[in-house]
file work.pdb (PDB, C-alpha atoms)
ATOM      1  CA  MET A  79      12.543  11.472 -11.911
ATOM      2  CA  GLU A  80      13.444   8.270 -13.760
ATOM      3  CA  LEU A  81      11.505   5.004 -13.639
ATOM      4  CA  SER A  82      14.180   3.408 -11.465
ATOM      5  CA  GLN A  83      13.906   6.265  -8.960
ATOM      6  CA  ILE A  84      10.143   5.819  -8.726
ATOM      7  CA  PHE A  85      10.499   2.094  -8.055
ATOM      8  CA  SER A  86      13.279   2.789  -5.573
ATOM      9  CA  LEU A  87      11.127   5.316  -3.702
ATOM     10  CA  LEU A  88       8.148   2.964  -3.579
ATOM     11  CA  LEU A  89      10.215  -0.002  -2.446
ATOM     12  CA  ALA A  90      11.907   2.115   0.226
ATOM     13  CA  ARG A  91       8.485   3.150   1.541
ATOM     14  CA  ASN A  92       7.421  -0.487   1.675
ATOM     15  CA  GLN A  93      10.619  -1.691   3.327
ATOM     16  CA  SER A  94      10.407   1.079   5.891
ATOM     17  CA  GLY A  95       6.835   0.031   6.706
ATOM     18  CA  ILE A  96       7.874  -3.620   6.984
ATOM     19  CA  GLU A  97      10.753  -2.824   9.334
ATOM     20  CA  ALA A  98       8.573  -0.572  11.488
ATOM     21  CA  SER A  99       6.011  -3.363  11.819
ATOM     22  CA  TYR A 100       8.330  -5.934  13.414
ATOM     23  CA  ASP A 101      10.493  -3.551  15.423
ATOM     24  CA  GLY A 102      10.546  -4.936  18.986
ATOM     25  CA  ILE A 103       8.275  -7.845  18.049
ATOM     26  CA  GLU A 104       9.173 -11.453  18.964
ATOM     27  CA  HIS A 105       8.418 -14.531  16.892
ATOM     28  CA  ALA A 106       5.439 -15.482  19.094
ATOM     29  CA  ASP A 107       3.931 -12.024  18.588
ATOM     30  CA  SER A 108       4.115 -12.537  14.836
ATOM     31  CA  LEU A 109       1.584 -15.358  15.176
ATOM     32  CA  LEU A 110      -1.114 -13.232  16.833
ATOM     33  CA  GLN A 111      -4.410 -13.139  14.964
ATOM     34  CA  LEU A 112      -6.904 -10.374  14.314
ATOM     35  CA  PRO A 113     -10.682 -10.936  14.282
ATOM     36  CA  GLY A 114     -12.002 -12.642  11.172
ATOM     37  CA  ARG A 115      -9.989 -14.257   8.431
ATOM     38  CA  SER A 116      -7.016 -11.892   8.335
ATOM     39  CA  ASN A 117      -3.566 -13.423   8.181
ATOM     40  CA  CYS A 118      -0.997 -13.080  10.946
ATOM     41  CA  MET A 119       2.224 -11.084  10.634
ATOM     42  CA  ASN A 120       4.303 -14.226  10.093
ATOM     43  CA  TRP A 121       2.241 -15.267   7.073
ATOM     44  CA  ILE A 122       2.285 -11.780   5.579
ATOM     45  CA  LEU A 123       6.059 -11.408   5.966
ATOM     46  CA  GLY A 124       6.564 -14.845   4.421
ATOM     47  CA  HIS A 125       4.172 -13.940   1.616
ATOM     48  CA  LEU A 126       6.099 -10.721   0.976
ATOM     49  CA  ALA A 127       9.343 -12.743   0.880
ATOM     50  CA  VAL A 128       7.886 -15.067  -1.774
ATOM     51  CA  TYR A 129       6.809 -12.123  -3.916
ATOM     52  CA  ARG A 130      10.121 -10.286  -3.386
ATOM     53  CA  ASP A 131      11.714 -13.402  -4.817
ATOM     54  CA  ALA A 132       9.502 -13.024  -7.883
ATOM     55  CA  MET A 133      10.984  -9.547  -8.322
ATOM     56  CA  LEU A 134      14.527 -10.882  -7.898
ATOM     57  CA  ALA A 135      13.949 -13.710 -10.374
ATOM     58  CA  ALA A 136      12.516 -11.289 -12.933
ATOM     59  CA  ILE A 137      15.651  -9.141 -12.884
ATOM     60  CA  GLY A 138      17.940 -12.160 -13.028
ATOM     61  CA  GLU A 139      19.167 -12.080  -9.447
ATOM     62  CA  LYS A 140      19.626 -14.900  -6.945
ATOM     63  CA  THR A 141      16.463 -15.880  -5.073
ATOM     64  CA  TYR A 142      16.141 -16.767  -1.393
ATOM     65  CA  VAL A 143      12.902 -18.683  -0.931
ATOM     66  CA  SER A 144      12.582 -22.481  -1.242
ATOM     67  CA  SER A 145       9.648 -24.366  -2.787
ATOM     68  CA  ARG A 146       8.651 -25.424   0.743
ATOM     69  CA  GLU A 147       8.414 -21.777   1.707
ATOM     70  CA  GLU A 148       6.441 -21.010  -1.446
ATOM     71  CA  ASP A 149       3.952 -23.668  -0.330
ATOM     72  CA  LEU A 150       3.785 -22.195   3.167
ATOM     73  CA  TYR A 151       3.398 -18.562   2.156
ATOM     74  CA  GLY A 152       2.257 -18.478  -1.446
ATOM     75  CA  TYR A 153      -1.108 -17.219  -2.659
ATOM     76  CA  GLY A 154      -3.951 -19.366  -1.306
ATOM     77  CA  SER A 155      -1.776 -21.152   1.244
ATOM     78  CA  GLN A 156      -3.154 -22.156   4.640
ATOM     79  CA  PRO A 157      -3.180 -19.548   7.416
ATOM     80  CA  VAL A 158      -0.242 -19.684   9.824
ATOM     81  CA  GLY A 159      -1.070 -19.790  13.534
ATOM     82  CA  GLN A 160       0.106 -21.156  16.861
ATOM     83  CA  GLY A 161       1.515 -24.636  16.273
ATOM     84  CA  SER A 162       1.625 -24.287  12.487
ATOM     85  CA  GLN A 163       4.698 -25.016  10.484
ATOM     86  CA  CYS A 164       6.338 -21.674   9.687
ATOM     87  CA  ASN A 165       9.643 -19.851   9.465
ATOM     88  CA  ASP A 166      11.113 -18.035  12.400
ATOM     89  CA  LEU A 167      10.469 -14.303  12.282
ATOM     90  CA  GLY A 168      14.213 -13.598  12.191
ATOM     91  CA  VAL A 169      14.636 -15.724   9.062
ATOM     92  CA  LEU A 170      11.850 -13.864   7.272
ATOM     93  CA  VAL A 171      13.326 -10.518   8.273
ATOM     94  CA  ASP A 172      16.724 -11.499   6.844
ATOM     95  CA  VAL A 173      15.205 -12.657   3.554
ATOM     96  CA  LEU A 174      13.266  -9.427   3.166
ATOM     97  CA  GLU A 175      16.245  -7.245   4.009
ATOM     98  CA  ASN A 176      18.548  -9.126   1.641
ATOM     99  CA  GLY A 177      16.037  -9.056  -1.195
ATOM    100  CA  TYR A 178      15.430  -5.367  -0.723
ATOM    101  CA  ALA A 179      19.158  -4.571  -0.817
ATOM    102  CA  VAL A 180      19.678  -6.520  -4.045
ATOM    103  CA  ILE A 181      16.682  -4.978  -5.843
ATOM    104  CA  ASN A 182      17.647  -1.515  -4.686
ATOM    105  CA  ASP A 183      21.205  -1.981  -5.974
ATOM    106  CA  TRP A 184      19.820  -3.153  -9.322
ATOM    107  CA  LEU A 185      17.564  -0.104  -9.534
ATOM    108  CA  ASN A 186      20.462   2.213  -8.755
ATOM    109  CA  CYS A 187      22.927   0.693 -11.219
ATOM    110  CA  ASN A 188      21.624   2.782 -14.142
ATOM    111  CA  GLN A 189      21.376  -0.301 -16.326
ATOM    112  CA  SER A 190      17.826  -1.295 -15.437
ATOM    113  CA  ASP A 191      15.854  -2.191 -18.565
ATOM    114  CA  PHE A 192      12.167  -1.991 -17.751
ATOM    115  CA  THR A 193      11.040  -2.770 -21.305
ATOM    116  CA  LYS A 194      12.643  -6.223 -21.287
ATOM    117  CA  ILE A 195      10.159  -9.106 -21.428
ATOM    118  CA  SER A 196       9.943 -10.740 -18.029
ATOM    119  CA  PRO A 197      10.795 -14.464 -17.777
ATOM    120  CA  THR A 198       7.833 -16.779 -18.312
ATOM    121  CA  ASP A 199       8.747 -19.272 -15.595
ATOM    122  CA  LEU A 200       8.351 -16.955 -12.611
ATOM    123  CA  TYR A 201       6.440 -18.085  -9.512
ATOM    124  CA  VAL A 202       4.109 -15.202 -10.240
ATOM    125  CA  ARG A 203       4.296 -13.125 -13.411
ATOM    126  CA  LYS A 204       2.440  -9.843 -13.657
ATOM    127  CA  GLY A 205       2.649  -8.067 -16.985
ATOM    128  CA  GLU A 206       4.747  -8.668 -20.057
ATOM    129  CA  THR A 207       7.663  -6.425 -19.220
ATOM    130  CA  ILE A 208       9.903  -6.140 -16.172
ATOM    131  CA  GLY A 209       8.479  -2.664 -15.552
ATOM    132  CA  GLU A 210       4.860  -3.825 -15.483
ATOM    133  CA  HIS A 211       5.791  -6.822 -13.362
ATOM    134  CA  LEU A 212       7.560  -4.642 -10.803
ATOM    135  CA  ALA A 213       4.747  -2.082 -10.711
ATOM    136  CA  HIS A 214       2.178  -4.771  -9.924
ATOM    137  CA  LEU A 215       4.362  -6.452  -7.318
ATOM    138  CA  VAL A 216       5.314  -3.205  -5.587
ATOM    139  CA  ALA A 217       1.609  -2.304  -5.301
ATOM    140  CA  HIS A 218       0.709  -5.789  -4.070
ATOM    141  CA  GLU A 219       3.478  -5.539  -1.491
ATOM    142  CA  ALA A 220       2.344  -2.110  -0.261
ATOM    143  CA  ILE A 221      -1.186  -3.302   0.409
ATOM    144  CA  HIS A 222       0.120  -6.170   2.540
ATOM    145  CA  VAL A 223       2.409  -3.700   4.330
ATOM    146  CA  GLY A 224      -0.730  -1.781   5.266
ATOM    147  CA  GLU A 225      -2.171  -4.957   6.778
ATOM    148  CA  LEU A 226       0.902  -5.222   9.017
ATOM    149  CA  ASN A 227      -0.005  -2.000  10.828
ATOM    150  CA  ALA A 228      -3.028  -3.505  12.584
ATOM    151  CA  LEU A 229      -1.008  -6.606  13.461
ATOM    152  CA  ARG A 230       1.702  -4.481  15.045
ATOM    153  CA  GLU A 231      -0.983  -2.712  17.063
ATOM    154  CA  VAL A 232      -2.396  -5.986  18.351
ATOM    155  CA  ALA A 233       1.122  -7.161  19.250
ATOM    156  CA  LEU A 234       1.782  -3.955  21.170
ATOM    157  CA  VAL A 235      -1.510  -4.325  23.022
ATOM    158  CA  SER A 236      -0.542  -7.901  23.846
ATOM    159  CA  LEU A 237       2.819  -6.700  25.152
ATOM    160  CA  GLY A 238       1.142  -3.992  27.223
ATOM    161  CA  LYS A 239       2.761  -1.257  25.171
ATOM    162  CA  GLY A 240       1.247   1.717  23.413
ATOM    163  CA  TRP A 241       1.842   3.046  19.940
ATOM    164  CA  LYS A 242       5.591   3.312  19.319
TER     165      LYS A 242
ATOM    166  CA  MET B 195       6.962   2.223 -20.123
ATOM    167  CA  LYS B 196       6.571   5.770 -18.882
ATOM    168  CA  GLN B 197       6.285   7.175 -15.385
ATOM    169  CA  LYS B 198       2.547   7.592 -15.758
ATOM    170  CA  ASP B 199       2.170   3.883 -16.571
ATOM    171  CA  ILE B 200       3.555   2.916 -13.155
ATOM    172  CA  PHE B 201       1.163   5.308 -11.449
ATOM    173  CA  ALA B 202      -1.832   4.087 -13.453
ATOM    174  CA  ILE B 203      -1.125   0.433 -12.627
ATOM    175  CA  ILE B 204      -0.772   1.137  -8.912
ATOM    176  CA  LEU B 205      -3.693   3.542  -8.702
ATOM    177  CA  ARG B 206      -5.963   1.043 -10.451
ATOM    178  CA  ARG B 207      -4.874  -1.753  -8.102
ATOM    179  CA  ASN B 208      -5.443   0.532  -5.117
ATOM    180  CA  GLN B 209      -8.924   1.421  -6.293
ATOM    181  CA  GLU B 210      -9.920  -2.200  -6.899
ATOM    182  CA  SER B 211      -8.628  -3.304  -3.522
ATOM    183  CA  LEU B 212     -10.247  -0.341  -1.754
ATOM    184  CA  LEU B 213     -13.654  -1.000  -3.305
ATOM    185  CA  SER B 214     -13.443  -4.695  -2.383
ATOM    186  CA  ALA B 215     -12.617  -3.762   1.198
ATOM    187  CA  ILE B 216     -15.645  -1.493   1.671
ATOM    188  CA  GLU B 217     -18.194  -3.323  -0.474
ATOM    189  CA  GLY B 218     -21.460  -3.747   1.417
ATOM    190  CA  LEU B 219     -20.235  -2.114   4.620
ATOM    191  CA  SER B 220     -22.704   0.157   6.407
ATOM    192  CA  HIS B 221     -21.946   3.672   7.612
ATOM    193  CA  LEU B 222     -21.753   2.377  11.198
ATOM    194  CA  GLU B 223     -19.449  -0.493  10.308
ATOM    195  CA  MET B 224     -16.998   2.054   8.987
ATOM    196  CA  PHE B 225     -16.399   3.312  12.538
ATOM    197  CA  LEU B 226     -15.289  -0.032  13.955
ATOM    198  CA  GLN B 227     -11.878  -0.052  15.616
ATOM    199  CA  LEU B 228      -9.344  -2.827  15.929
ATOM    200  CA  PRO B 229      -7.290  -3.292  19.123
ATOM    201  CA  GLY B 230      -4.671  -0.586  19.538
ATOM    202  CA  GLU B 231      -4.522   2.792  17.911
ATOM    203  CA  GLY B 232      -5.281   2.072  14.277
ATOM    204  CA  ASN B 233      -7.784   4.241  12.446
ATOM    205  CA  CYS B 234     -11.300   3.290  11.401
ATOM    206  CA  THR B 235     -12.469   2.863   7.803
ATOM    207  CA  ASN B 236     -14.126   6.290   7.737
ATOM    208  CA  TRP B 237     -10.873   8.048   8.634
ATOM    209  CA  ILE B 238      -8.831   6.029   6.156
ATOM    210  CA  LEU B 239     -11.255   6.746   3.303
ATOM    211  CA  GLY B 240     -11.254  10.469   4.106
ATOM    212  CA  HIS B 241      -7.478  10.465   4.354
ATOM    213  CA  ILE B 242      -7.088   8.769   0.966
ATOM    214  CA  ALA B 243      -9.658  11.092  -0.610
ATOM    215  CA  SER B 244      -7.898  14.187   0.741
ATOM    216  CA  TYR B 245      -4.539  13.080  -0.641
ATOM    217  CA  ARG B 246      -6.117  12.321  -4.011
ATOM    218  CA  ASP B 247      -7.763  15.727  -3.927
ATOM    219  CA  GLY B 248      -4.304  17.145  -3.303
ATOM    220  CA  MET B 249      -2.947  15.368  -6.368
ATOM    221  CA  LEU B 250      -5.760  16.881  -8.443
ATOM    222  CA  VAL B 251      -5.112  20.392  -7.155
ATOM    223  CA  ASP B 252      -1.379  20.045  -7.650
ATOM    224  CA  SER B 253      -1.979  18.877 -11.224
ATOM    225  CA  GLY B 254      -3.971  22.034 -11.936
ATOM    226  CA  LEU B 255      -7.386  20.344 -11.753
ATOM    227  CA  SER B 256     -10.448  21.129  -9.674
ATOM    228  CA  SER B 257     -10.701  20.225  -6.008
ATOM    229  CA  TYR B 258     -13.750  18.343  -4.726
ATOM    230  CA  MET B 259     -13.175  18.643  -0.994
ATOM    231  CA  GLN B 260     -13.884  21.560   1.299
ATOM    232  CA  PRO B 261     -10.995  22.803   3.473
ATOM    233  CA  ASP B 262     -12.759  21.671   6.667
ATOM    234  CA  GLU B 263     -13.201  18.196   5.192
ATOM    235  CA  VAL B 264      -9.531  18.058   4.303
ATOM    236  CA  GLN B 265      -8.480  19.151   7.781
ATOM    237  CA  MET B 266     -10.608  16.439   9.367
ATOM    238  CA  TYR B 267      -8.608  13.752   7.547
ATOM    239  CA  ALA B 268      -5.172  15.339   7.251
ATOM    240  CA  GLY B 269      -2.051  13.533   8.413
ATOM    241  CA  GLY B 270      -1.948  13.636  12.220
ATOM    242  CA  SER B 271      -5.641  14.521  12.550
ATOM    243  CA  SER B 272      -7.631  13.095  15.454
ATOM    244  CA  PRO B 273      -9.088   9.600  15.206
ATOM    245  CA  ILE B 274     -12.763   9.440  14.228
ATOM    246  CA  LYS B 275     -15.114   7.522  16.480
ATOM    247  CA  PRO B 276     -18.873   6.909  16.392
ATOM    248  CA  GLY B 277     -20.692  10.168  17.104
ATOM    249  CA  ASP B 278     -17.791  12.368  16.036
ATOM    250  CA  ILE B 279     -18.307  14.990  13.363
ATOM    251  CA  CYS B 280     -17.125  13.454  10.116
ATOM    252  CA  VAL B 281     -17.898  13.198   6.433
ATOM    253  CA  ASP B 282     -20.660  10.734   5.618
ATOM    254  CA  CYS B 283     -19.352   7.490   4.166
ATOM    255  CA  ALA B 284     -21.557   7.853   1.078
ATOM    256  CA  ARG B 285     -19.842  11.151   0.256
ATOM    257  CA  LEU B 286     -16.435   9.650   0.959
ATOM    258  CA  THR B 287     -17.170   6.791  -1.420
ATOM    259  CA  GLU B 288     -18.270   9.298  -4.048
ATOM    260  CA  LEU B 289     -15.046  11.278  -3.518
ATOM    261  CA  ILE B 290     -12.995   8.097  -3.857
ATOM    262  CA  ASP B 291     -14.697   7.321  -7.173
ATOM    263  CA  ILE B 292     -14.540  10.778  -8.706
ATOM    264  CA  THR B 293     -10.950  11.503  -7.702
ATOM    265  CA  PHE B 294      -9.901   8.137  -9.104
ATOM    266  CA  SER B 295     -11.624   8.847 -12.423
ATOM    267  CA  ASP B 296     -10.104  12.307 -12.720
ATOM    268  CA  LEU B 297      -6.609  11.145 -11.828
ATOM    269  CA  MET B 298      -6.745   8.243 -14.287
ATOM    270  CA  PHE B 299      -8.019  10.530 -17.030
ATOM    271  CA  TRP B 300      -5.277  13.051 -16.302
ATOM    272  CA  LEU B 301      -2.597  10.349 -16.303
ATOM    273  CA  GLU B 302      -3.839   8.868 -19.574
ATOM    274  CA  ASN B 303      -3.797  12.251 -21.275
ATOM    275  CA  GLU B 304      -0.914  14.059 -19.614
ATOM    276  CA  ASN B 305       1.814  15.116 -21.958
ATOM    277  CA  ASP B 306       4.949  15.850 -19.995
ATOM    278  CA  GLY B 307       2.814  17.308 -17.209
ATOM    279  CA  LEU B 308       4.408  15.056 -14.625
ATOM    280  CA  ARG B 309       7.680  16.898 -15.074
ATOM    281  CA  GLN B 310       6.064  20.145 -13.937
ATOM    282  CA  ALA B 311       6.130  21.508 -10.405
ATOM    283  CA  PRO B 312       2.986  21.006  -8.282
ATOM    284  CA  VAL B 313       0.730  24.047  -8.542
ATOM    285  CA  GLY B 314      -1.335  23.603  -5.362
ATOM    286  CA  ASN B 315      -1.027  26.218  -2.660
ATOM    287  CA  ARG B 316      -2.750  24.606   0.311
ATOM    288  CA  LYS B 317       0.435  23.972   2.247
ATOM    289  CA  ASP B 318      -1.385  23.108   5.454
ATOM    290  CA  ASN B 319      -1.852  19.540   4.243
ATOM    291  CA  ILE B 320       1.024  17.481   2.946
ATOM    292  CA  GLY B 321      -1.444  15.946   0.487
ATOM    293  CA  TYR B 322      -1.413  19.343  -1.190
ATOM    294  CA  SER B 323       2.253  19.314  -1.782
ATOM    295  CA  GLY B 324       4.743  22.047  -1.504
ATOM    296  CA  VAL B 325       7.467  19.593  -0.578
ATOM    297  CA  CYS B 326       8.086  17.873  -3.919
ATOM    298  CA  SER B 327       9.750  19.655  -6.805
ATOM    299  CA  THR B 328       7.924  17.729  -9.532
ATOM    300  CA  LEU B 329       4.529  16.118  -9.886
ATOM    301  CA  THR B 330       6.271  12.824 -10.612
ATOM    302  CA  GLU B 331       7.750  12.760  -7.142
ATOM    303  CA  HIS B 332       4.513  13.982  -5.612
ATOM    304  CA  PHE B 333       2.544  11.227  -7.332
ATOM    305  CA  ALA B 334       5.109   8.586  -6.369
ATOM    306  CA  GLN B 335       4.982   9.604  -2.705
ATOM    307  CA  ASN B 336       1.215   9.900  -2.569
ATOM    308  CA  ILE B 337       0.349   6.759  -4.474
ATOM    309  CA  GLY B 338       2.808   4.727  -2.396
ATOM    310  CA  HIS B 339       1.298   6.223   0.747
ATOM    311  CA  GLU B 340      -2.205   5.436  -0.510
ATOM    312  CA  SER B 341      -1.433   1.749  -1.159
ATOM    313  CA  ILE B 342      -0.431   1.219   2.450
ATOM    314  CA  HIS B 343      -3.618   2.832   3.761
ATOM    315  CA  VAL B 344      -5.672   0.721   1.350
ATOM    316  CA  GLY B 345      -4.085  -2.353   2.935
ATOM    317  CA  GLU B 346      -5.210  -1.147   6.351
ATOM    318  CA  LEU B 347      -8.811  -1.470   5.197
ATOM    319  CA  ASN B 348      -8.641  -5.270   4.855
ATOM    320  CA  PRO B 349      -8.462  -6.191   8.554
ATOM    321  CA  LEU B 350     -11.177  -3.599   9.260
ATOM    322  CA  ARG B 351     -13.438  -5.317   6.741
ATOM    323  CA  GLU B 352     -12.755  -8.678   8.389
ATOM    324  CA  LEU B 353     -13.679  -7.163  11.748
ATOM    325  CA  ALA B 354     -16.967  -5.879  10.348
ATOM    326  CA  LEU B 355     -17.822  -9.243   8.797
ATOM    327  CA  GLU B 356     -16.943 -11.031  12.033
ATOM    328  CA  ARG B 357     -19.211  -8.725  14.036
ATOM    329  CA  ARG B 358     -22.155  -9.668  11.818
ATOM    330  CA  LYS B 359     -21.978 -13.323  12.929
TER     331      LYS B 359
END
call {"tool": "encode", "arguments": {"input": "work.pdb", "output": "structure tokens"}}
result
Amino acid sequence: MELSQIFSLLLARNQSGIEASYDGIEHADSLLQLPGRSNCMNWILGHLAVYRDAMLAAIGEKTYVSSREEDLYGYGSQPVGQGSQCNDLGVLVDVLENGYAVINDWLNCNQSDFTKISPTDLYVRKGETIGEHLAHLVAHEAIHVGELNALREVALVSLGKGWK
Amino acid sequence: MKQKDIFAIILRRNQESLLSAIEGLSHLEMFLQLPGEGNCTNWILGHIASYRDGMLVDSGLSSYMQPDEVQMYAGGSSPIKPGDICVDCARLTELIDITFSDLMFWLENENDGLRQAPVGNRKDNIGYSGVCSTLTEHFAQNIGHESIHVGELNPLRELALERRK
């Protein structure tokens, strides 16, 4: 199993978890909050979009997220809730799906060079090489995907539905 | 960069995030449930430990968990609630630490071992793999799976902290 196949497998797991989380969920449901200081689904999806962009930028592909969106969803940004400025759920979904498709194509093109030094002007740069950068960002992404599970549950409870 | 480097980076991040999520939580706080059908912290820790134990067994190393402990936390096992029979959180934390140390040591010192087939034979738990043809694939699946469960611990920690107020 090559490095690109490992990254592809991990990203596919993450994307599958992301898609399962918002399946049947409306924008308003994405703003529901859990007890404590957890973020809502909208913030997490926006945050994942910002970090997906940092993967795209590292491999030299077109990015999707604006600086306004980086401010809204970047590390340390304000929580998103009812009445907050935020992106529509559908917009976030599109950005995540597009970013995933581009990264996956790059991984499958057999020309991925994971030893290349990653650009120094990235929004977030983890590790010296593209490979290290991707490994950190894929792990970061997966942990936020795990947080989406509880938010989907609370949305389903709110909708009067059980576990899918 | 080698395959094992990816796994080491992710496993280390998982461990750091997991320990942050459970730091200072009591045994009882690890049974708290969020709305819906998510699992409690105790179940998630046992589930992660059992999958790590599976990676150890499949790499030809010693297992730390008893079969009944593994069954309690296997994929699809029943939720754990206060009063249910379960593994004490102190033991689960110990299992999380020792399996992490052993896996990191194995990864740092493995020499082509990831290309081998898993050697575990406990097919009743997917964490003890018979479904992947190489350890590389088994590690990729299990470590990716683990990261997502580690993320599930964060809202449970927030719930516990909120309940203390």
call {"tool": "resolve_selection", "arguments": {"input": "work.pdb", "expression": "the PyMOL selection byres ((chain B) within 6 of (chain A))", "output": "list in words"}}
result
Gln197, Ile200, Ile204, Pro229, Gly230, Gly338, Ser341, Ile342, His343, Gly345, Glu346, Pro349, Glu352, Leu353 and Glu356 of chain B
call {"tool": "resolve_selection", "arguments": {"input": "work.pdb", "expression": "the PyMOL selection byres ((chain B and resi 216-227) around 8)", "output": "PDB file with C-alpha atoms, in the frame of the given file"}}
result
ATOM      1  CA  LEU B 212     -10.247  -0.341  -1.754  1.00  0.00           C
ATOM      2  CA  LEU B 213     -13.654  -1.000  -3.305  1.00  0.00           C
ATOM      3  CA  SER B 214     -13.443  -4.695  -2.383  1.00  0.00           C
ATOM      4  CA  ALA B 215     -12.617  -3.762   1.198  1.00  0.00           C
ATOM      5  CA  LEU B 228      -9.344  -2.827  15.929  1.00  0.00           C
ATOM      6  CA  PRO B 229      -7.290  -3.292  19.123  1.00  0.00           C
ATOM      7  CA  GLY B 232      -5.281   2.072  14.277  1.00  0.00           C
ATOM      8  CA  ASN B 233      -7.784   4.241  12.446  1.00  0.00           C
ATOM      9  CA  CYS B 234     -11.300   3.290  11.401  1.00  0.00           C
ATOM     10  CA  THR B 235     -12.469   2.863   7.803  1.00  0.00           C
ATOM     11  CA  ASN B 236     -14.126   6.290   7.737  1.00  0.00           C
ATOM     12  CA  ILE B 274     -12.763   9.440  14.228  1.00  0.00           C
ATOM     13  CA  LYS B 275     -15.114   7.522  16.480  1.00  0.00           C
ATOM     14  CA  PRO B 276     -18.873   6.909  16.392  1.00  0.00           C
ATOM     15  CA  ASP B 282     -20.660  10.734   5.618  1.00  0.00           C
ATOM     16  CA  CYS B 283     -19.352   7.490   4.166  1.00  0.00           C
ATOM     17  CA  ALA B 284     -21.557   7.853   1.078  1.00  0.00           C
ATOM     18  CA  LEU B 347      -8.811  -1.470   5.197  1.00  0.00           C
ATOM     19  CA  LEU B 350     -11.177  -3.599   9.260  1.00  0.00           C
ATOM     20  CA  ARG B 351     -13.438  -5.317   6.741  1.00  0.00           C
ATOM     21  CA  LEU B 353     -13.679  -7.163  11.748  1.00  0.00           C
ATOM     22  CA  ALA B 354     -16.967  -5.879  10.348  1.00  0.00           C
TER      23      ALA B 354
END
call {"tool": "residues_around", "arguments": {"input": "work.pdb", "residues": "stretch 143-149 of chain A", "least_positions_apart": "3", "cutoff": "10 Å", "atoms": "all atoms listed in the file", "output": "ChimeraX atom specification"}}
result
/A:124-125,127-132,140,152-156,164-165,170,173,201
call {"tool": "residues_near_point", "arguments": {"input": "work.pdb", "point": "(6.5, -7.4, 12.4)", "cutoff": "9 Å", "atoms": "all atoms listed in the file", "output": "list in words"}}
result
Ile96, Glu97, Ala98, Ser99, Tyr100, Asp101, Gly102, Ile103, Glu104, His105, Asp107, Ser108, Met119, Asn120, Leu123, Leu167, Val171, Leu226, Asn227, Leu229, Arg230 and Ala233 of chain A
call {"tool": "closest_residue", "arguments": {"input": "work.pdb", "among": "B:Glu331, B:Glu340, B:Glu210, B:Asp306", "to": "B:Lys196", "atoms": "all atoms listed in the file"}}
result
B:Asp306
call {"tool": "resolve_selection", "arguments": {"input": "work.pdb", "expression": "the PyMOL selection byres ((chain B and resi 255-269) around 8)", "output": "PyMOL selection string"}}
result
chain B and resi 237-238+240-241+244+247-248+250-254+270-272+280-281+289+293+319-321
call {"tool": "atom_distance", "arguments": {"input": "work.pdb", "atom1": "atom CA of B:Val344", "atom2": "atom CA of A:Gln163"}}
result
29.2 Å
call {"tool": "atom_distance", "arguments": {"input": "work.pdb", "atom1": "atom CA of A:Met133", "atom2": "atom CA of A:Trp121"}}
result
18.6 Å
call {"tool": "closest_residue", "arguments": {"input": "work.pdb", "among": "B:Ser211, B:Met195, B:Ser327, B:Leu301", "to": "B:Asn348", "atoms": "only C-alpha atoms"}}
result
B:Ser211
call {"tool": "atom_distance", "arguments": {"input": "work.pdb", "atom1": "atom CA of A:Gly238", "atom2": "atom CA of A:Leu126"}}
result
27.5 Å
call {"tool": "closest_residue", "arguments": {"input": "work.pdb", "among": "B:Cys326, B:Leu239, B:Pro273, B:His339", "to": "B:Leu205", "atoms": "all atoms listed in the file"}}
result
B:His339
